[in-house]
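Shown below: protein.cif, with mmCIF, C-alpha atoms.
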```
data_run
#
loop_
_atom_site.group_PDB
_atom_site.id
_atom_site.type_symbol
_atom_site.label_atom_id
_atom_site.label_comp_id
_atom_site.auth_asym_id
_atom_site.auth_seq_id
_atom_site.Cartn_x
_atom_site.Cartn_y
_atom_site.Cartn_z
ATOM 1 C CA ALA A 242 11.188 23.682 51.199
ATOM 2 C CA LEU A 243 9.452 21.390 53.606
ATOM 3 C CA PRO A 244 5.881 20.410 52.771
ATOM 4 C CA ILE A 245 3.431 21.990 55.172
ATOM 5 C CA TYR A 246 1.722 19.331 57.238
ATOM 6 C CA GLY A 247 1.652 21.120 60.571
ATOM 7 C CA PRO A 248 3.915 20.745 63.593
ATOM 8 C CA GLU A 249 3.044 17.066 64.066
ATOM 9 C CA LYS A 250 4.791 16.251 60.765
ATOM 10 C CA ASN A 251 8.033 17.791 62.029
ATOM 11 C CA GLU A 252 7.709 15.713 65.191
ATOM 12 C CA VAL A 253 7.891 12.569 63.046
ATOM 13 C CA TYR A 254 11.459 13.423 62.056
ATOM 14 C CA LYS A 255 12.772 14.821 65.345
ATOM 15 C CA ASP A 256 14.601 11.596 66.255
ATOM 16 C CA TYR A 257 15.892 10.945 62.738
ATOM 17 C CA PRO A 258 19.611 11.513 62.092
ATOM 18 C CA GLU A 259 20.400 14.977 60.745
ATOM 19 C CA ILE A 260 23.809 13.955 59.418
ATOM 20 C CA LEU A 261 25.065 10.698 57.979
ATOM 21 C CA SER A 262 28.328 9.817 59.687
ATOM 22 C CA ASP A 263 30.955 7.616 58.067
ATOM 23 C CA GLU A 264 30.717 5.328 61.101
ATOM 24 C CA LEU A 265 26.952 4.841 60.751
ATOM 25 C CA LEU A 266 27.229 4.217 57.028
ATOM 26 C CA ALA A 267 30.073 1.742 57.568
ATOM 27 C CA LYS A 268 27.980 -0.196 60.099
ATOM 28 C CA ALA A 269 25.025 -0.215 57.714
ATOM 29 C CA ASN A 270 27.223 -1.456 54.869
ATOM 30 C CA THR A 271 28.483 -4.335 57.029
ATOM 31 C CA GLY A 272 24.891 -5.451 57.641
ATOM 32 C CA ASP A 273 24.040 -3.923 61.029
ATOM 33 C CA PRO A 274 20.206 -3.777 60.930
ATOM 34 C CA ALA A 275 19.945 -0.938 63.480
ATOM 35 C CA ALA A 276 22.389 1.156 61.458
ATOM 36 C CA GLN A 277 20.555 0.311 58.234
ATOM 37 C CA SER A 278 17.343 1.534 59.814
ATOM 38 C CA GLU A 279 19.017 4.771 60.929
ATOM 39 C CA VAL A 280 20.426 5.356 57.441
ATOM 40 C CA GLY A 281 16.931 4.803 56.035
ATOM 41 C CA LYS A 282 15.517 7.331 58.494
ATOM 42 C CA TYR A 283 18.220 9.818 57.527
ATOM 43 C CA TYR A 284 17.206 9.589 53.874
ATOM 44 C CA LEU A 285 13.504 9.934 54.743
ATOM 45 C CA ARG A 286 14.354 13.190 56.525
ATOM 46 C CA VAL A 287 16.465 14.418 53.591
ATOM 47 C CA ALA A 288 13.637 13.560 51.184
ATOM 48 C CA GLU A 289 11.436 16.094 52.937
ATOM 49 C CA GLU A 290 13.852 18.830 51.867
ATOM 50 C CA GLN A 291 15.357 17.769 48.528
ATOM 51 C CA ASP A 292 15.157 15.213 45.723
ATOM 52 C CA GLU A 293 12.127 13.559 47.274
ATOM 53 C CA GLU A 294 11.830 10.661 44.824
ATOM 54 C CA VAL A 295 15.527 9.760 44.850
ATOM 55 C CA ASN A 296 16.005 10.026 48.616
ATOM 56 C CA ASN A 297 12.796 8.168 49.446
ATOM 57 C CA GLY A 298 13.943 5.376 47.141
ATOM 58 C CA ILE A 299 17.321 5.184 48.880
ATOM 59 C CA ALA A 300 15.574 5.184 52.260
ATOM 60 C CA VAL A 301 13.306 2.310 51.276
ATOM 61 C CA GLY A 302 16.289 0.299 50.033
ATOM 62 C CA TRP A 303 18.008 0.595 53.422
ATOM 63 C CA LEU A 304 14.783 -0.106 55.315
ATOM 64 C CA ILE A 305 14.186 -3.261 53.277
ATOM 65 C CA LYS A 306 17.670 -4.539 54.195
ATOM 66 C CA SER A 307 17.002 -3.812 57.854
ATOM 67 C CA ALA A 308 13.502 -5.313 57.838
ATOM 68 C CA LYS A 309 14.777 -8.531 56.239
ATOM 69 C CA GLN A 310 16.916 -8.956 59.353
ATOM 70 C CA GLY A 311 13.882 -8.636 61.611
ATOM 71 C CA ARG A 312 14.143 -4.964 62.575
ATOM 72 C CA ARG A 313 10.556 -4.094 63.551
ATOM 73 C CA GLU A 314 11.117 -0.350 63.347
ATOM 74 C CA ALA A 315 12.122 -0.766 59.688
ATOM 75 C CA VAL A 316 8.987 -2.799 58.973
ATOM 76 C CA LYS A 317 6.818 -0.046 60.465
ATOM 77 C CA LEU A 318 8.635 2.613 58.475
ATOM 78 C CA LEU A 319 8.188 0.584 55.275
ATOM 79 C CA GLN A 320 4.475 0.262 56.010
ATOM 80 C CA ASN A 321 4.321 4.045 56.369
ATOM 81 C CA CYS A 322 6.224 4.501 53.111
ATOM 82 C CA LEU A 323 3.791 2.185 51.356
ATOM 83 C CA SER A 324 0.712 3.952 52.709
ATOM 84 C CA ASP A 325 2.217 7.373 51.886
ATOM 85 C CA ARG A 326 3.492 6.144 48.477
ATOM 86 C CA ARG A 327 7.029 7.217 49.337
ATOM 87 C CA GLY A 328 9.982 5.439 47.752
ATOM 88 C CA ILE A 329 8.125 2.329 46.631
ATOM 89 C CA THR A 330 9.174 1.719 43.034
ATOM 90 C CA SER A 331 8.801 -0.922 40.352
ATOM 91 C CA GLU A 332 12.306 -2.127 41.309
ATOM 92 C CA ASN A 333 11.507 -2.945 44.919
ATOM 93 C CA PRO A 334 7.968 -4.432 45.197
ATOM 94 C CA ARG A 335 9.351 -7.976 45.179
ATOM 95 C CA ASP A 336 11.663 -7.089 48.066
ATOM 96 C CA ARG A 337 8.857 -5.349 49.905
ATOM 97 C CA LYS A 338 6.563 -8.373 49.687
ATOM 98 C CA SER A 339 9.189 -10.637 51.250
ATOM 99 C CA THR A 340 9.487 -8.514 54.411
#
```

Would it be possible to restate this file's structure as structure tokens?
Amino acid sequence: ALPIYGPEKNEVYKDYPEILSDELLAKANTGDPAAQSEVGKYYLRVAEEQDEEVNNGIAVGWLIKSAKQGRREAVKLLQNCLSDRRGITSENPRDRKST
């Protein structure tokens, strides 16, 4: 079930991918920063519905890759994850600090 934060919370995710296509994932895996950001957003959306800790962690991993390539959207999303304590783990603080 989705956490109840009011309609504005649902608005946050309205432009996030609802499905993860093979094409998008392939682009992300080849290093496309826009695709990496979209994959990260997909996992943030999924985390709202299931396996929050796991999916937020996956999202942050993709967003870090994207941010390291200068994708500003990914940096903003990582800042939000940090302030909301979503997906930031003991395995990724070093990566986060370098963005």

Write out as a VMD selection string which residues come within 9 Å of range 254-266 of chain A when counting all atoms listed in the file, dropping same-chain ones fewer than 5 positions away. chain A and resid 271 276 to 277 279 to 280 282 to 287

Write the selection just made, keeping C-alpha atoms, as a PDB file, keeping the file's coordinate frame?
```pdb
ATOM      1  CA  THR A 271      28.483  -4.335  57.029  1.00  0.00           C
ATOM      2  CA  ALA A 276      22.389   1.156  61.458  1.00  0.00           C
ATOM      3  CA  GLN A 277      20.555   0.311  58.234  1.00  0.00           C
ATOM      4  CA  GLU A 279      19.017   4.771  60.929  1.00  0.00           C
ATOM      5  CA  VAL A 280      20.426   5.356  57.441  1.00  0.00           C
ATOM      6  CA  LYS A 282      15.517   7.331  58.494  1.00  0.00           C
ATOM      7  CA  TYR A 283      18.220   9.818  57.527  1.00  0.00           C
ATOM      8  CA  TYR A 284      17.206   9.589  53.874  1.00  0.00           C
ATOM      9  CA  LEU A 285      13.504   9.934  54.743  1.00  0.00           C
ATOM     10  CA  ARG A 286      14.354  13.190  56.525  1.00  0.00           C
ATOM     11  CA  VAL A 287      16.465  14.418  53.591  1.00  0.00           C
TER      12      VAL A 287
END
```

Reference answer for the PyMOL selection byres ((chain A and resi 306) around 10), as a PDB file with C-alpha atoms, keeping the file's coordinate frame:
```
ATOM      1  CA  ALA A 269      25.025  -0.215  57.714  1.00  0.00           C
ATOM      2  CA  GLY A 272      24.891  -5.451  57.641  1.00  0.00           C
ATOM      3  CA  ASP A 273      24.040  -3.923  61.029  1.00  0.00           C
ATOM      4  CA  PRO A 274      20.206  -3.777  60.930  1.00  0.00           C
ATOM      5  CA  GLN A 277      20.555   0.311  58.234  1.00  0.00           C
ATOM      6  CA  SER A 278      17.343   1.534  59.814  1.00  0.00           C
ATOM      7  CA  GLY A 281      16.931   4.803  56.035  1.00  0.00           C
ATOM      8  CA  VAL A 301      13.306   2.310  51.276  1.00  0.00           C
ATOM      9  CA  GLY A 302      16.289   0.299  50.033  1.00  0.00           C
ATOM     10  CA  TRP A 303      18.008   0.595  53.422  1.00  0.00           C
ATOM     11  CA  LEU A 304      14.783  -0.106  55.315  1.00  0.00           C
ATOM     12  CA  ILE A 305      14.186  -3.261  53.277  1.00  0.00           C
ATOM     13  CA  SER A 307      17.002  -3.812  57.854  1.00  0.00           C
ATOM     14  CA  ALA A 308      13.502  -5.313  57.838  1.00  0.00           C
ATOM     15  CA  LYS A 309      14.777  -8.531  56.239  1.00  0.00           C
ATOM     16  CA  GLN A 310      16.916  -8.956  59.353  1.00  0.00           C
ATOM     17  CA  GLY A 311      13.882  -8.636  61.611  1.00  0.00           C
ATOM     18  CA  ARG A 312      14.143  -4.964  62.575  1.00  0.00           C
ATOM     19  CA  ALA A 315      12.122  -0.766  59.688  1.00  0.00           C
ATOM     20  CA  ASP A 336      11.663  -7.089  48.066  1.00  0.00           C
ATOM     21  CA  ARG A 337       8.857  -5.349  49.905  1.00  0.00           C
ATOM     22  CA  THR A 340       9.487  -8.514  54.411  1.00  0.00           C
TER      23      THR A 340
END
```

Written as a list in words, which residues does the PyMOL selection byres ((chain A and resi 293-295) around 12) give for the file shown? Ala242, Leu243, Pro244, Tyr284, Leu285, Arg286, Val287, Ala288, Glu289, Glu290, Gln291, Asp292, Asn296, Asn297, Gly298, Ile299, Ala300, Val301, Gly302, Cys322, Arg326, Arg327, Gly328, Ile329 and Thr330 of chain A

For range 254-261 of chain A, what centre and edge lengths in Å (one decimal) does the axis-aligned box get once 8 Å is added on each side of all its listed atoms, as AutoDock Vina command-line options?
```
--center_x 18.3 --center_y 12.8 --center_z 62.1 --size_x 29.6 --size_y 20.3 --size_z 24.3
```

Fill-in result for range 270-300 of chain A, N, CA and C atoms as a PDB file, keeping the file's coordinate frame:
```pdb
ATOM      1  N   ASN A 270      26.656  -0.696  55.990  1.00  0.00           N
ATOM      2  CA  ASN A 270      27.223  -1.456  54.869  1.00  0.00           C
ATOM      3  C   ASN A 270      27.727  -2.835  55.281  1.00  0.00           C
ATOM      4  N   THR A 271      28.050  -3.013  56.562  1.00  0.00           N
ATOM      5  CA  THR A 271      28.483  -4.335  57.029  1.00  0.00           C
ATOM      6  C   THR A 271      27.302  -5.185  57.484  1.00  0.00           C
ATOM      7  N   GLY A 272      26.072  -4.643  57.364  1.00  0.00           N
ATOM      8  CA  GLY A 272      24.891  -5.451  57.641  1.00  0.00           C
ATOM      9  C   GLY A 272      24.245  -5.230  58.989  1.00  0.00           C
ATOM     10  N   ASP A 273      24.645  -4.212  59.727  1.00  0.00           N
ATOM     11  CA  ASP A 273      24.040  -3.923  61.029  1.00  0.00           C
ATOM     12  C   ASP A 273      22.611  -3.406  60.805  1.00  0.00           C
ATOM     13  N   PRO A 274      21.584  -4.179  61.228  1.00  0.00           N
ATOM     14  CA  PRO A 274      20.206  -3.777  60.930  1.00  0.00           C
ATOM     15  C   PRO A 274      19.785  -2.474  61.614  1.00  0.00           C
ATOM     16  N   ALA A 275      20.289  -2.195  62.806  1.00  0.00           N
ATOM     17  CA  ALA A 275      19.945  -0.938  63.480  1.00  0.00           C
ATOM     18  C   ALA A 275      20.522   0.235  62.697  1.00  0.00           C
ATOM     19  N   ALA A 276      21.754   0.096  62.244  1.00  0.00           N
ATOM     20  CA  ALA A 276      22.389   1.156  61.458  1.00  0.00           C
ATOM     21  C   ALA A 276      21.673   1.331  60.119  1.00  0.00           C
ATOM     22  N   GLN A 277      21.276   0.229  59.500  1.00  0.00           N
ATOM     23  CA  GLN A 277      20.555   0.311  58.234  1.00  0.00           C
ATOM     24  C   GLN A 277      19.246   1.082  58.407  1.00  0.00           C
ATOM     25  N   SER A 278      18.581   0.830  59.517  1.00  0.00           N
ATOM     26  CA  SER A 278      17.343   1.534  59.814  1.00  0.00           C
ATOM     27  C   SER A 278      17.596   3.029  60.004  1.00  0.00           C
ATOM     28  N   GLU A 279      18.672   3.364  60.706  1.00  0.00           N
ATOM     29  CA  GLU A 279      19.017   4.771  60.929  1.00  0.00           C
ATOM     30  C   GLU A 279      19.376   5.473  59.613  1.00  0.00           C
ATOM     31  N   VAL A 280      20.089   4.776  58.736  1.00  0.00           N
ATOM     32  CA  VAL A 280      20.426   5.356  57.441  1.00  0.00           C
ATOM     33  C   VAL A 280      19.139   5.594  56.644  1.00  0.00           C
ATOM     34  N   GLY A 281      18.233   4.631  56.695  1.00  0.00           N
ATOM     35  CA  GLY A 281      16.931   4.803  56.035  1.00  0.00           C
ATOM     36  C   GLY A 281      16.186   6.015  56.565  1.00  0.00           C
ATOM     37  N   LYS A 282      16.185   6.181  57.878  1.00  0.00           N
ATOM     38  CA  LYS A 282      15.517   7.331  58.494  1.00  0.00           C
ATOM     39  C   LYS A 282      16.179   8.640  58.078  1.00  0.00           C
ATOM     40  N   TYR A 283      17.500   8.623  57.979  1.00  0.00           N
ATOM     41  CA  TYR A 283      18.220   9.818  57.527  1.00  0.00           C
ATOM     42  C   TYR A 283      17.722  10.234  56.134  1.00  0.00           C
ATOM     43  N   TYR A 284      17.635   9.263  55.232  1.00  0.00           N
ATOM     44  CA  TYR A 284      17.206   9.589  53.874  1.00  0.00           C
ATOM     45  C   TYR A 284      15.733   9.997  53.808  1.00  0.00           C
ATOM     46  N   LEU A 285      14.894   9.474  54.691  1.00  0.00           N
ATOM     47  CA  LEU A 285      13.504   9.934  54.743  1.00  0.00           C
ATOM     48  C   LEU A 285      13.457  11.411  55.139  1.00  0.00           C
ATOM     49  N   ARG A 286      14.300  11.781  56.107  1.00  0.00           N
ATOM     50  CA  ARG A 286      14.354  13.190  56.525  1.00  0.00           C
ATOM     51  C   ARG A 286      14.840  14.062  55.359  1.00  0.00           C
ATOM     52  N   VAL A 287      15.908  13.649  54.704  1.00  0.00           N
ATOM     53  CA  VAL A 287      16.465  14.418  53.591  1.00  0.00           C
ATOM     54  C   VAL A 287      15.424  14.574  52.482  1.00  0.00           C
ATOM     55  N   ALA A 288      14.643  13.523  52.248  1.00  0.00           N
ATOM     56  CA  ALA A 288      13.637  13.560  51.184  1.00  0.00           C
ATOM     57  C   ALA A 288      12.590  14.636  51.414  1.00  0.00           C
ATOM     58  N   GLU A 289      12.392  15.027  52.648  1.00  0.00           N
ATOM     59  CA  GLU A 289      11.436  16.094  52.937  1.00  0.00           C
ATOM     60  C   GLU A 289      11.947  17.437  52.425  1.00  0.00           C
ATOM     61  N   GLU A 290      13.257  17.550  52.240  1.00  0.00           N
ATOM     62  CA  GLU A 290      13.852  18.830  51.867  1.00  0.00           C
ATOM     63  C   GLU A 290      14.366  18.887  50.432  1.00  0.00           C
ATOM     64  N   GLN A 291      14.779  17.735  49.886  1.00  0.00           N
ATOM     65  CA  GLN A 291      15.357  17.769  48.528  1.00  0.00           C
ATOM     66  C   GLN A 291      15.260  16.408  47.862  1.00  0.00           C
ATOM     67  N   ASP A 292      15.170  16.437  46.545  1.00  0.00           N
ATOM     68  CA  ASP A 292      15.157  15.213  45.723  1.00  0.00           C
ATOM     69  C   ASP A 292      14.296  14.116  46.332  1.00  0.00           C
ATOM     70  N   GLU A 293      13.040  14.448  46.562  1.00  0.00           N
ATOM     71  CA  GLU A 293      12.127  13.559  47.274  1.00  0.00           C
ATOM     72  C   GLU A 293      12.115  12.136  46.712  1.00  0.00           C
ATOM     73  N   GLU A 294      11.947  11.992  45.423  1.00  0.00           N
ATOM     74  CA  GLU A 294      11.830  10.661  44.824  1.00  0.00           C
ATOM     75  C   GLU A 294      13.111   9.848  45.016  1.00  0.00           C
ATOM     76  N   VAL A 295      14.245  10.456  44.739  1.00  0.00           N
ATOM     77  CA  VAL A 295      15.527   9.760  44.850  1.00  0.00           C
ATOM     78  C   VAL A 295      15.805   9.361  46.296  1.00  0.00           C
ATOM     79  N   ASN A 296      15.670  10.310  47.220  1.00  0.00           N
ATOM     80  CA  ASN A 296      16.005  10.026  48.616  1.00  0.00           C
ATOM     81  C   ASN A 296      15.026   9.068  49.277  1.00  0.00           C
ATOM     82  N   ASN A 297      13.751   9.150  48.923  1.00  0.00           N
ATOM     83  CA  ASN A 297      12.796   8.168  49.446  1.00  0.00           C
ATOM     84  C   ASN A 297      13.140   6.773  48.940  1.00  0.00           C
ATOM     85  N   GLY A 298      13.550   6.674  47.696  1.00  0.00           N
ATOM     86  CA  GLY A 298      13.943   5.376  47.141  1.00  0.00           C
ATOM     87  C   GLY A 298      15.155   4.792  47.850  1.00  0.00           C
ATOM     88  N   ILE A 299      16.139   5.640  48.132  1.00  0.00           N
ATOM     89  CA  ILE A 299      17.321   5.184  48.880  1.00  0.00           C
ATOM     90  C   ILE A 299      16.912   4.739  50.280  1.00  0.00           C
ATOM     91  N   ALA A 300      16.043   5.524  50.909  1.00  0.00           N
ATOM     92  CA  ALA A 300      15.574   5.184  52.260  1.00  0.00           C
ATOM     93  C   ALA A 300      14.908   3.816  52.277  1.00  0.00           C
TER      94      ALA A 300
END
```
